[in-house]
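With compact mmCIF, C-alpha atoms inside, this is work.txt:
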# COMPACT_ATOMS: atom_id res chain seq x y z
CA MET A 1 0.00 0.00 0.00
CA ARG A 2 1.27 3.46 -0.93
CA VAL A 3 1.86 5.80 2.00
CA VAL A 4 3.15 9.35 1.71
CA LEU A 5 4.99 11.20 4.45
CA ALA A 6 4.46 14.93 4.20
CA ASP A 7 7.88 16.58 4.03
CA TYR A 8 7.48 20.11 5.36
CA GLY A 9 11.04 20.54 6.60
CA ALA A 10 10.54 19.26 10.15
CA GLY A 11 13.43 16.91 10.60
CA ASN A 12 14.32 13.47 9.41
CA LEU A 13 11.41 11.26 8.37
CA ARG A 14 13.49 8.23 7.49
CA SER A 15 12.80 6.39 10.76
CA VAL A 16 9.05 6.59 10.21
CA ALA A 17 9.37 5.62 6.55
CA SER A 18 11.47 2.59 7.46
CA ALA A 19 9.01 1.49 10.15
CA LEU A 20 6.14 1.78 7.66
CA ALA A 21 8.10 -0.31 5.16
CA ARG A 22 8.65 -2.98 7.82
CA ALA A 23 4.90 -2.96 8.46
CA GLY A 24 4.32 -3.78 4.79
CA ALA A 25 3.73 -0.36 3.23
CA GLU A 26 5.47 1.35 0.31
CA PRO A 27 6.34 4.69 1.88
CA SER A 28 7.60 7.77 0.09
CA ILE A 29 8.63 11.13 1.48
CA THR A 30 7.22 13.99 -0.55
CA THR A 31 6.71 17.75 -0.76
CA ASP A 32 4.10 17.26 -3.49
CA ALA A 33 0.68 18.56 -2.41
CA LYS A 34 -1.20 16.38 -4.90
CA ALA A 35 0.46 13.24 -3.52
CA VAL A 36 -0.33 14.29 0.05
CA ARG A 37 -3.95 14.96 -0.93
CA GLU A 38 -4.55 11.73 -2.82
CA ALA A 39 -2.40 8.91 -1.46
CA PRO A 40 -4.29 6.03 0.20
CA LEU A 41 -2.66 7.03 3.52
CA ALA A 42 -0.86 10.24 4.45
CA VAL A 43 1.35 10.56 7.52
CA ILE A 44 2.47 13.79 9.21
CA ALA A 45 5.42 13.18 11.46
CA GLY A 46 8.23 15.47 12.54
CA VAL A 47 9.87 17.04 15.53
CA GLY A 48 10.01 20.44 17.15
CA HIS A 49 7.21 22.87 17.83
CA VAL A 50 3.66 23.23 16.59
CA GLU A 51 4.50 26.80 15.61
CA SER A 52 7.44 26.02 13.31
CA ALA A 53 5.73 22.88 12.01
CA SER A 54 2.54 24.71 11.05
CA ARG A 55 4.65 27.39 9.39
CA GLY A 56 6.40 24.66 7.42
CA LEU A 57 3.10 23.12 6.36
CA ALA A 58 1.76 26.49 5.22
CA ALA A 59 4.95 27.36 3.34
CA THR A 60 4.80 24.11 1.37
CA GLY A 61 1.04 24.30 0.77
CA LEU A 62 0.67 20.92 2.43
CA ASP A 63 -1.75 22.35 5.01
CA GLU A 64 -4.43 22.76 2.34
CA ALA A 65 -3.67 19.35 0.88
CA ILE A 66 -4.20 17.81 4.32
CA ARG A 67 -7.44 19.69 4.92
CA GLU A 68 -8.74 18.56 1.54
CA ARG A 69 -7.91 14.91 2.10
CA VAL A 70 -9.59 15.05 5.51
CA ALA A 71 -12.68 16.70 3.96
CA GLU A 72 -12.78 13.89 1.42
CA GLY A 73 -12.53 11.25 4.12
CA ARG A 74 -9.15 9.79 3.15
CA PRO A 75 -7.16 8.31 6.05
CA MET A 76 -4.35 10.17 7.69
CA LEU A 77 -2.11 9.63 10.68
CA GLY A 78 -0.32 12.28 12.75
CA ILE A 79 2.66 11.21 14.85
CA CYS A 80 3.86 13.23 17.89
CA VAL A 81 3.99 16.87 16.72
CA GLY A 82 2.04 15.62 13.69
CA MET A 83 -0.78 14.63 16.05
CA GLN A 84 -0.60 17.97 17.84
CA LEU A 85 -0.93 19.68 14.44
CA LEU A 86 -4.41 18.14 14.10
CA PHE A 87 -5.53 20.28 17.05
CA GLY A 88 -5.72 24.00 17.90
CA GLU A 89 -3.64 26.51 19.79
CA SER A 90 -0.48 25.35 21.53
CA ASP A 91 0.91 26.58 24.84
CA GLU A 92 4.32 26.84 23.18
CA GLY A 93 2.99 29.14 20.48
CA GLY A 94 1.32 28.65 17.15
CA CYS A 95 -1.83 26.84 16.16
CA GLY A 96 -2.46 23.54 14.44
CA LEU A 97 -4.85 22.77 11.57
CA GLU A 98 -7.88 22.58 13.92
CA ILE A 99 -9.12 19.40 12.29
CA LEU A 100 -9.90 18.18 15.81
CA GLY A 101 -10.99 20.53 18.62
CA GLY A 102 -8.90 21.40 21.66
CA PRO A 103 -5.62 23.02 22.67
CA VAL A 104 -2.12 21.60 23.01
CA CYS A 105 -1.01 22.17 26.61
CA ARG A 106 2.23 21.80 28.53
CA VAL A 107 2.49 18.47 30.34
CA LYS A 108 1.98 18.96 34.08
CA ALA A 109 4.24 16.47 35.83
CA THR A 110 7.26 16.31 38.09
CA ARG A 111 9.43 15.39 35.09
CA VAL A 112 8.99 17.16 31.76
CA PRO A 113 9.59 16.16 28.95
CA HIS A 114 7.51 13.00 29.34
CA MET A 115 10.38 10.84 28.15
CA GLY A 116 10.53 7.09 27.89
CA TRP A 117 8.37 3.97 27.81
CA ASN A 118 4.90 4.20 29.25
CA ASN A 119 2.01 1.76 29.17
CA LEU A 120 -1.16 2.45 27.21
CA SER A 121 -4.71 2.12 28.43
CA VAL A 122 -7.21 1.74 25.63
CA THR A 123 -10.26 3.87 26.47
CA GLN A 124 -12.53 2.80 23.65
CA PRO A 125 -12.40 0.35 20.76
CA SER A 126 -10.62 1.65 17.67
CA PRO A 127 -8.89 -0.14 14.80
CA LEU A 128 -5.85 2.00 15.66
CA VAL A 129 -5.26 0.38 19.04
CA TYR A 130 -6.12 -3.30 18.49
CA GLY A 131 -3.87 -5.56 20.50
CA ILE A 132 -1.95 -2.89 22.40
CA GLU A 133 -3.85 -2.61 25.68
CA GLY A 134 -1.27 -2.34 28.47
CA GLU A 135 1.69 -2.33 26.05
CA ASP A 136 4.66 -0.01 26.57
CA VAL A 137 5.36 2.58 23.88
CA TYR A 138 7.94 5.36 23.68
CA PHE A 139 7.02 8.98 24.40
CA ALA A 140 9.22 12.08 24.06
CA HIS A 141 7.21 15.30 24.40
CA SER A 142 6.59 18.29 26.65
CA TYR A 143 3.16 19.24 25.26
CA ALA A 144 0.03 17.14 24.83
CA VAL A 145 -3.39 17.52 23.26
CA GLU A 146 -6.49 18.15 25.36
CA PRO A 147 -9.40 17.33 23.06
CA THR A 148 -12.66 19.17 23.69
CA ASP A 149 -14.56 16.06 22.64
CA ASP A 150 -13.44 13.10 24.73
CA ARG A 151 -14.96 10.71 22.19
CA VAL A 152 -11.92 11.17 19.93
CA VAL A 153 -9.62 9.73 22.63
CA VAL A 154 -8.86 6.03 22.09
CA ALA A 155 -5.82 5.48 24.35
CA VAL A 156 -4.19 7.27 27.26
CA ALA A 157 -1.11 7.00 29.43
CA ASP A 158 -0.40 8.30 32.93
CA HIS A 159 2.32 10.88 33.58
CA GLY A 160 1.40 13.35 36.31
CA GLY A 161 -2.19 12.87 35.16
CA ARG A 162 -3.81 11.70 31.98
CA ILE A 163 -1.82 11.99 28.74
CA VAL A 164 -3.85 11.53 25.57
CA ALA A 165 -1.83 8.93 23.68
CA ALA A 166 -3.99 8.17 20.65
CA VAL A 167 -7.00 9.77 18.98
CA GLN A 168 -9.27 8.78 16.14
CA ARG A 169 -12.30 10.33 14.53
CA GLY A 170 -13.43 8.92 11.22
CA ALA A 171 -10.45 8.79 8.88
CA VAL A 172 -8.28 11.02 11.09
CA ALA A 173 -5.91 9.37 13.55
CA GLY A 174 -3.05 10.53 15.72
CA VAL A 175 -0.57 9.06 18.18
CA GLN A 176 1.48 11.09 20.66
CA PHE A 177 4.05 8.33 21.10
CA HIS A 178 6.57 7.21 18.48
CA PRO A 179 5.45 3.93 16.86
CA GLU A 180 8.70 3.89 14.85
CA ARG A 181 10.64 3.76 18.13
CA SER A 182 8.27 1.54 20.13
CA ALA A 183 9.54 -1.92 19.21
CA LEU A 184 6.85 -4.57 18.60
CA ALA A 185 3.96 -2.55 20.06
CA GLY A 186 4.80 0.31 17.72
CA ALA A 187 4.95 -2.03 14.75
CA ARG A 188 1.53 -3.33 15.72
CA VAL A 189 0.09 0.19 15.71
CA LEU A 190 1.48 0.85 12.22
CA GLU A 191 0.12 -2.48 10.96
CA ASN A 192 -3.24 -1.50 12.47
CA VAL A 193 -3.16 1.84 10.68
CA LEU A 194 -2.37 0.19 7.36
CA ALA A 195 -5.20 -2.32 7.76
CA TRP A 196 -7.57 0.47 8.77
CA SER A 197 -6.55 2.57 5.73
CA ARG A 198 -7.10 -0.33 3.36
CA SER A 199 -10.64 -0.79 4.60
CA ALA A 200 -11.43 2.94 4.75
CA MET B 1 3.61 5.46 34.79
CA VAL B 2 6.72 6.10 32.77
CA LYS B 3 9.29 3.32 33.20
CA LYS B 4 12.81 3.70 34.52
CA ARG B 5 15.18 3.24 31.59
CA VAL B 6 18.29 1.09 31.20
CA ILE B 7 20.53 2.43 28.43
CA PRO B 8 23.59 0.62 27.06
CA CYS B 9 26.27 2.99 25.79
CA LEU B 10 28.34 1.95 22.77
CA ASP B 11 31.69 3.59 22.02
CA VAL B 12 32.17 4.00 18.30
CA ALA B 13 35.45 4.65 16.50
CA GLY B 14 35.57 4.93 12.73
CA GLY B 15 32.10 3.45 12.47
CA ARG B 16 32.93 0.36 14.57
CA VAL B 17 32.06 -0.40 18.17
CA VAL B 18 35.15 -0.55 20.33
CA LYS B 19 35.80 -1.38 23.93
CA GLY B 20 37.61 1.01 26.21
CA VAL B 21 38.14 4.71 25.76
CA ASN B 22 41.90 4.52 25.68
CA PHE B 23 42.89 5.44 22.15
CA VAL B 24 45.94 3.20 22.17
CA ASP B 25 44.11 0.13 23.38
CA LEU B 26 40.93 -0.15 21.34
CA ARG B 27 39.49 -3.59 20.83
CA GLU B 28 36.89 -3.99 18.14
CA MET B 29 33.65 -5.47 19.39
CA GLY B 30 31.83 -5.60 16.13
CA GLU B 31 29.42 -3.99 13.79
CA PRO B 32 27.42 -1.25 15.56
CA ILE B 33 24.01 -1.96 14.06
CA ALA B 34 24.29 -5.69 14.73
CA LEU B 35 25.29 -5.06 18.34
CA ALA B 36 22.62 -2.36 18.78
CA THR B 37 19.96 -4.68 17.39
CA ARG B 38 21.11 -7.39 19.79
CA TYR B 39 20.73 -5.01 22.78
CA SER B 40 17.35 -3.91 21.47
CA GLU B 41 16.19 -7.55 21.31
CA LEU B 42 17.50 -8.11 24.83
CA GLY B 43 15.34 -5.29 26.19
CA ALA B 44 17.45 -2.12 26.05
CA ASP B 45 15.14 0.88 26.44
CA GLU B 46 17.36 3.21 24.43
CA LEU B 47 20.92 3.27 23.16
CA VAL B 48 23.70 5.83 23.23
CA PHE B 49 26.37 5.88 20.52
CA LEU B 50 29.44 7.78 21.61
CA ASP B 51 31.69 8.78 18.72
CA ILE B 52 34.99 8.68 20.56
CA THR B 53 37.14 9.59 17.56
CA ALA B 54 34.94 12.37 16.22
CA THR B 55 37.49 15.12 16.57
CA LEU B 56 40.28 13.01 15.12
CA GLU B 57 38.83 11.91 11.82
CA GLY B 58 35.64 13.82 11.09
CA ARG B 59 32.04 12.74 11.07
CA GLY B 60 31.77 10.60 7.96
CA PRO B 61 31.61 7.18 9.59
CA ILE B 62 29.17 8.17 12.33
CA LEU B 63 26.77 9.92 9.93
CA ASP B 64 26.62 6.78 7.84
CA LEU B 65 26.03 4.76 10.99
CA ILE B 66 23.22 7.09 12.16
CA GLU B 67 21.40 6.80 8.86
CA ARG B 68 21.44 3.03 9.08
CA ALA B 69 20.54 3.02 12.78
CA ALA B 70 17.60 5.35 12.14
CA ALA B 71 16.31 3.01 9.46
CA GLU B 72 16.86 -0.26 11.27
CA LEU B 73 16.45 0.28 15.02
CA THR B 74 13.03 0.12 16.65
CA ILE B 75 14.10 1.83 19.88
CA PRO B 76 15.36 5.41 20.32
CA PHE B 77 19.02 6.31 20.20
CA THR B 78 21.18 9.25 21.21
CA VAL B 79 24.42 10.20 19.50
CA GLY B 80 27.18 12.15 21.20
CA GLY B 81 30.89 12.47 21.61
CA GLY B 82 33.02 15.39 20.53
CA VAL B 83 30.15 17.49 19.21
CA THR B 84 31.96 20.69 18.23
CA GLY B 85 29.09 23.10 17.80
CA LEU B 86 25.64 23.82 16.44
CA ASP B 87 26.28 22.67 12.87
CA ASP B 88 27.82 19.43 14.06
CA ALA B 89 24.90 18.67 16.41
CA ARG B 90 22.40 19.60 13.73
CA SER B 91 23.99 17.25 11.20
CA LEU B 92 23.72 14.35 13.66
CA LEU B 93 20.01 15.03 14.25
CA ARG B 94 19.33 15.55 10.55
CA ALA B 95 20.97 12.20 9.82
CA GLY B 96 18.28 10.59 11.98
CA ALA B 97 19.50 10.49 15.59
CA ASP B 98 16.55 10.79 17.97
CA LYS B 99 18.65 12.89 20.35
CA VAL B 100 22.05 14.51 20.34
CA ALA B 101 24.24 14.76 23.43
CA VAL B 102 26.28 17.96 23.59
CA ASN B 103 28.99 18.33 26.21
CA ARG B 104 31.84 20.84 26.00
CA ALA B 105 30.39 22.79 23.06
CA ALA B 106 27.31 23.55 25.17
CA PHE B 107 29.38 24.52 28.20
CA ASP B 108 31.43 26.89 26.05
CA ASP B 109 28.39 28.31 24.25
CA PRO B 110 25.06 27.46 25.93
CA SER B 111 23.08 29.19 23.15
CA ILE B 112 23.66 26.00 21.13
CA LEU B 113 21.14 24.25 23.38
CA THR B 114 18.54 26.93 22.68
CA ALA B 115 19.07 26.84 18.92
CA LEU B 116 18.77 23.04 18.84
CA ALA B 117 15.66 23.04 21.03
CA ASP B 118 14.03 25.65 18.78
CA GLU B 119 14.69 23.60 15.69
CA PHE B 120 14.23 20.02 16.92
CA GLY B 121 12.38 20.37 20.24
CA SER B 122 14.01 20.09 23.65
CA GLN B 123 13.19 16.33 23.76
CA ALA B 124 15.97 15.91 21.18
CA VAL B 125 18.58 17.88 23.14
CA VAL B 126 20.65 16.12 25.78
CA CYS B 127 23.23 18.10 27.70
CA ALA B 128 26.07 15.79 28.74
CA ILE B 129 27.84 16.91 31.89
CA ASP B 130 31.02 15.31 33.22
CA ALA B 131 31.91 16.08 36.82
CA ARG B 132 34.70 15.36 39.23
CA GLY B 133 34.15 16.17 42.89
CA GLY B 134 31.04 18.08 41.87
CA GLU B 135 32.92 20.33 39.46
CA VAL B 136 32.34 20.41 35.70
CA VAL B 137 35.23 18.88 33.75
CA THR B 138 35.64 18.67 29.98
CA HIS B 139 38.06 17.08 27.50
CA ALA B 140 37.39 13.55 28.80
CA GLY B 141 37.84 14.69 32.37
CA LYS B 142 41.19 16.37 31.81
CA THR B 143 40.13 20.00 32.11
CA PRO B 144 38.44 21.31 35.28
CA ARG B 145 36.18 24.25 34.47
CA GLY B 146 35.70 25.85 37.88
CA ARG B 147 31.93 25.60 37.85
CA ASP B 148 29.60 23.61 40.06
CA ALA B 149 27.96 20.82 38.07
CA VAL B 150 24.51 21.40 39.59
CA ASP B 151 24.71 25.09 38.78
CA TRP B 152 25.57 24.32 35.15
CA ALA B 153 22.84 21.64 34.99
CA VAL B 154 20.22 24.20 35.99
CA GLU B 155 21.41 26.65 33.36
CA ALA B 156 21.57 23.96 30.66
CA VAL B 157 17.90 23.17 31.24
CA THR B 158 16.97 26.85 31.18
CA ARG B 159 18.80 27.12 27.86
CA GLY B 160 16.85 24.27 26.26
CA ALA B 161 18.20 20.87 27.25
CA GLY B 162 15.38 18.34 27.60
CA GLU B 163 17.47 15.73 29.37
CA LEU B 164 20.78 15.59 31.24
CA LEU B 165 23.38 12.85 30.94
CA VAL B 166 25.42 13.19 34.11
CA THR B 167 28.69 11.26 34.24
CA SER B 168 30.88 11.18 37.31
CA ILE B 169 34.55 10.85 36.44
CA ASP B 170 35.06 9.76 40.06
CA THR B 171 32.94 6.63 39.69
CA ASP B 172 33.31 5.94 35.96
CA GLY B 173 34.81 2.53 35.31
CA THR B 174 34.86 1.53 38.98
CA ARG B 175 31.80 -0.76 38.91
CA GLN B 176 31.24 0.38 42.49
CA GLY B 177 28.02 2.25 41.79
CA TYR B 178 26.97 5.63 40.42
CA ASP B 179 27.87 8.94 42.05
CA LEU B 180 24.74 9.17 44.17
CA PRO B 181 25.30 12.58 45.81
CA LEU B 182 25.86 14.14 42.36
CA THR B 183 22.91 12.33 40.77
CA ARG B 184 20.65 13.27 43.68
CA ALA B 185 21.67 16.93 43.61
CA VAL B 186 21.16 17.32 39.86
CA ALA B 187 17.86 15.42 39.80
CA ALA B 188 16.51 17.57 42.64
CA ALA B 189 17.54 20.81 40.93
CA VAL B 190 15.94 20.26 37.51
CA GLU B 191 12.58 19.26 36.05
CA VAL B 192 13.93 17.30 33.08
CA PRO B 193 14.89 13.60 33.26
CA VAL B 194 18.40 12.84 34.50
CA ILE B 195 20.42 9.89 33.18
CA ALA B 196 22.99 8.62 35.68
CA SER B 197 26.28 7.48 34.18
CA GLY B 198 29.52 6.01 35.43
CA GLY B 199 30.03 3.15 37.83
CA ALA B 200 27.38 0.52 37.10
CA GLY B 201 28.44 -2.91 38.29
CA GLU B 202 25.22 -4.62 39.33
CA ALA B 203 21.45 -4.18 39.44
CA ARG B 204 21.61 -2.72 42.94
CA HIS B 205 23.59 0.24 41.58
CA LEU B 206 20.89 1.11 39.05
CA ALA B 207 18.27 0.83 41.77
CA GLU B 208 20.26 3.27 43.90
CA ALA B 209 20.42 5.76 41.02
CA PHE B 210 16.66 5.50 40.51
CA GLU B 211 16.15 5.88 44.25
CA VAL B 212 17.93 9.27 44.25
CA GLY B 213 15.90 10.55 41.31
CA ALA B 214 17.51 9.37 38.06
CA GLU B 215 14.99 8.44 35.38
CA ALA B 216 17.52 6.35 33.50
CA ALA B 217 20.92 4.76 33.95
CA ILE B 218 23.76 4.09 31.54
CA ILE B 219 25.45 0.69 31.50
CA ALA B 220 28.49 -0.18 29.45
CA SER B 221 31.18 -2.70 30.31
CA ILE B 222 28.91 -5.03 32.27
CA VAL B 223 26.75 -5.72 29.21
CA HIS B 224 29.51 -5.50 26.62
CA GLU B 225 31.19 -8.42 28.34
CA ARG B 226 28.00 -10.44 28.31
CA PRO B 227 24.92 -8.99 26.58
CA GLU B 228 22.62 -11.54 28.27
CA ARG B 229 23.30 -9.64 31.49
CA LEU B 230 20.86 -6.98 30.26
CA PRO B 231 17.59 -8.91 30.65
CA GLU B 232 18.91 -10.31 33.94
CA LEU B 233 19.52 -6.79 35.24
CA LYS B 234 16.03 -5.72 34.29
CA ALA B 235 14.47 -8.79 35.87
CA GLU B 236 16.43 -8.11 39.07
CA LEU B 237 15.25 -4.48 39.06
CA LYS B 238 11.68 -5.64 38.60
CA GLU B 239 12.14 -8.08 41.46
CA MET B 240 13.26 -5.15 43.63
CA GLY B 241 10.00 -3.40 42.81
CA TRP B 242 11.22 -0.98 40.14
CA ASN B 243 8.93 -0.08 37.29
CA VAL B 244 10.99 -1.24 34.31
CA ARG B 245 10.00 -2.51 30.89
CA THR B 246 10.44 -6.27 30.63
Show me this structure written as structure tokens.
Amino acid sequence: MRVVLADYGAGNLRSVASALARAGAEPSITTDAKAVREAPLAVIAGVGHVESASRGLAATGLDEAIRERVAEGRPMLGICVGMQLLFGESDEGGCGLEILGGPVCRVKATRVPHMGWNNLSVTQPSPLVYGIEGEDVYFAHSYAVEPTDDRVVVAVADHGGRIVAAVQRGAVAGVQFHPERSALAGARVLENVLAWSRSA
Amino acid sequence: MVKKRVIPCLDVAGGRVVKGVNFVDLREMGEPIALATRYSELGADELVFLDITATLEGRGPILDLIERAAAELTIPFTVGGGVTGLDDARSLLRAGADKVAVNRAAFDDPSILTALADEFGSQAVVCAIDARGGEVVTHAGKTPRGRDAVDWAVEAVTRGAGELLVTSIDTDGTRQGYDLPLTRAVAAAVEVPVIASGGAGEARHLAEAFEVGAEAAIIASIVHERPERLPELKAELKEMGWNVRT
């Protein structure tokens, strides 16, 4: 299955591309808006801040391509900052694409960043999180989404309170953790996403 | 709850893993990706690659290694060792390292930490601090810098570091346990995770580091000698009641 990774200048996407390939996809990294709009699955990954990331998306025109594919109901996955970009205003500045409602807030815990392996609790059934209840996945972030509609939340973790770890609404999905760096559980999530995209 | 992390550190010279940090007595231990994959399979939570010859022969071999590690590893990895400045650190992250560890370059010019955090996020920026008797030392412990390590740790975090790798030159290589007073003081002074380094000999030592506030602990020689020691260590930590990934 063809998967495109939106290249908007936010770091190295090779790790995610390789993990998708291991999960059975044919990934490509692209700046082409048409490809991002029309591929069977689009992934937004990347590092850094919502502010610089959303600037990068706007500068490449990929923001519109993503909005259009969401409007047309084609599956997409946001990873880490890519998930935060699905939401609204961020405590660290900038605003996401507001595809899902709610701000991105600084993690309130004794240790920030929330760094390392943490176990997931699945909060409602979703094809995204099949088979990963209780599994450890790798987080590395200081900000986290706080959705206005709790029905989009499909998995959480605990770090000084609830951390929203995975969201899904229709064809839009996001994970705060790094599936490409989460060993077998991460591979399972990517396989889930591919299966979900095929049936979407 | 986030798990306490056990992190093997691999010394790399010319793109190969070597044992020992003495330049005249390097023994090749094998191909870095193969060894890293082995540790990953045995339950390592992360890996650190330390490019111990960086300043001698340039970055070519390690950049090639990072690209392959980024593609093949399924756990996170940090790259450090002899990072000379912002451009150097940036090239390591752009090659695919999840985090870069900056030591002397950050001490000499702390704005590097801020620039890296702005571009890559502070979760990608590790400030490595070496200390002897509580004082910052650089150049592999040879140069005392006249500054309290805790004081520098606090500034490094303010400047943008998202994690601290704190190595005690006093305990490094002793296998008698980490420098607990140093680890405790740094962990109490900052909000970011602290990785204890230097002195691991047995599971009890890692437990002690966690007890004083470290979120993670570096191990080196004890697993390089016998990689199967890694899952044993984690099982022993679990037995002691520590929240580790097994």
Exercise. Would you mind telling me which residue in B:Tyr178, B:Phe210, B:Phe49, B:Phe77 lies nearest to Tyr138 in chain A when using only C-alpha atoms?
Key: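 Of B:Tyr178, B:Phe210, B:Phe49, B:Phe77, the one nearest Tyr138 in chain A, counting only C-alpha atoms, is B:Phe77.
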Practice problem: Could you tell me how far CA of Thr37 in chain B lies from CA of Ser91 in chain B, in Å and to one decimal? | Solution: 23.1 Å
Can you write out as JSON lines which residues of chain B fall within 7 Å of chain A, alongside each residue's closest atom pair and its distance in Å to one decimal, counting only C-alpha atoms and ordering rows by chain and ascending residue number?
{"residue": "B:Met1", "atom": "CA", "partner": "A:Asp158", "partner_atom": "CA", "distance": 5.3}
{"residue": "B:Val2", "atom": "CA", "partner": "A:Asn118", "partner_atom": "CA", "distance": 4.4}
{"residue": "B:Lys3", "atom": "CA", "partner": "A:Trp117", "partner_atom": "CA", "distance": 5.5}
{"residue": "B:Ala70", "atom": "CA", "partner": "A:Ser15", "partner_atom": "CA", "distance": 5.1}
{"residue": "B:Ala71", "atom": "CA", "partner": "A:Ser15", "partner_atom": "CA", "distance": 5.0}
{"residue": "B:Thr74", "atom": "CA", "partner": "A:Arg181", "partner_atom": "CA", "distance": 4.6}
{"residue": "B:Ile75", "atom": "CA", "partner": "A:Arg181", "partner_atom": "CA", "distance": 4.3}
{"residue": "B:Pro76", "atom": "CA", "partner": "A:Arg181", "partner_atom": "CA", "distance": 5.5}
{"residue": "B:Arg94", "atom": "CA", "partner": "A:Asn12", "partner_atom": "CA", "distance": 5.5}
{"residue": "B:Ala95", "atom": "CA", "partner": "A:Asn12", "partner_atom": "CA", "distance": 6.8}
{"residue": "B:Gly96", "atom": "CA", "partner": "A:Asn12", "partner_atom": "CA", "distance": 5.5}
{"residue": "B:Asp118", "atom": "CA", "partner": "A:Gly48", "partner_atom": "CA", "distance": 6.8}
{"residue": "B:Glu119", "atom": "CA", "partner": "A:Gly48", "partner_atom": "CA", "distance": 5.8}
{"residue": "B:Phe120", "atom": "CA", "partner": "A:Gly48", "partner_atom": "CA", "distance": 4.2}
{"residue": "B:Gly121", "atom": "CA", "partner": "A:Gly48", "partner_atom": "CA", "distance": 3.9}
{"residue": "B:Gln123", "atom": "CA", "partner": "A:Ala140", "partner_atom": "CA", "distance": 5.8}
{"residue": "B:Gly162", "atom": "CA", "partner": "A:Pro113", "partner_atom": "CA", "distance": 6.3}
{"residue": "B:Glu191", "atom": "CA", "partner": "A:Arg111", "partner_atom": "CA", "distance": 5.1}
{"residue": "B:Val192", "atom": "CA", "partner": "A:Val112", "partner_atom": "CA", "distance": 5.1}
{"residue": "B:Pro193", "atom": "CA", "partner": "A:Arg111", "partner_atom": "CA", "distance": 6.0}
Kindly export the residues of the current selection with C-alpha atoms, as a compact mmCIF listing (two decimals), in the coordinates of the input.
# COMPACT_ATOMS: atom_id res chain seq x y z
CA MET B 1 3.61 5.46 34.79
CA VAL B 2 6.72 6.10 32.77
CA LYS B 3 9.29 3.32 33.20
CA ALA B 70 17.60 5.35 12.14
CA ALA B 71 16.31 3.01 9.46
CA THR B 74 13.03 0.12 16.65
CA ILE B 75 14.10 1.83 19.88
CA PRO B 76 15.36 5.41 20.32
CA ARG B 94 19.33 15.55 10.55
CA ALA B 95 20.97 12.20 9.82
CA GLY B 96 18.28 10.59 11.98
CA ASP B 118 14.03 25.65 18.78
CA GLU B 119 14.69 23.60 15.69
CA PHE B 120 14.23 20.02 16.92
CA GLY B 121 12.38 20.37 20.24
CA GLN B 123 13.19 16.33 23.76
CA GLY B 162 15.38 18.34 27.60
CA GLU B 191 12.58 19.26 36.05
CA VAL B 192 13.93 17.30 33.08
CA PRO B 193 14.89 13.60 33.26
Exercise. Find the residues near range 196-206 of chain B: any atom within 9 Å, counting only C-alpha atoms, skip ones fewer than 6 places away on the same chain, and give them as number ranges by chain.
Key: B: 6, 164-180, 183, 214-222, 232-234, 236-237, 240
Quiz prompt | For Ser199 in chain A: contacts at 12 Å, only C-alpha atoms, fewer than 6 positions along chain excluded, given as a list in words | solution = Met1, Pro40, Leu41, Arg74, Pro75, Pro127, Ala171, Asn192 and Val193 of chain A
Quiz item: Interatomic distance between CA of Ala124 in chain B and CA of Gly134 in chain A?
Solution: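 CA of Gly134 in chain A lies at a distance of 26.1 Å from CA of Ala124 in chain B.
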Self-check item: Atom pair CA of Leu42 in chain B / CA of Arg188 in chain A: separation (Å)
Solution: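 Result for CA of Leu42 in chain B versus CA of Arg188 in chain A: 19.0 Å, one decimal.
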Self-check item: Shell of 10 Å around Pro144 in chain B, all atoms listed in the file, local chain residues under 3 positions omitted, as JSON, numbers by chain
Solution: {"B": [130, 131, 132, 135, 136, 137, 138, 139, 141, 147]}
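Distances to Trp242 in chain B were evaluated for B:Val223, B:Ala207, B:Ala185, B:Ile129 using only C-alpha atoms, and the minimum falls at B:Ala207.
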Quiz prompt | Option closest in space to Glu68 in chain A, from A:Leu128, A:Val152, A:Ala39, A:Cys95 [counting only C-alpha atoms] | solution = A:Ala39
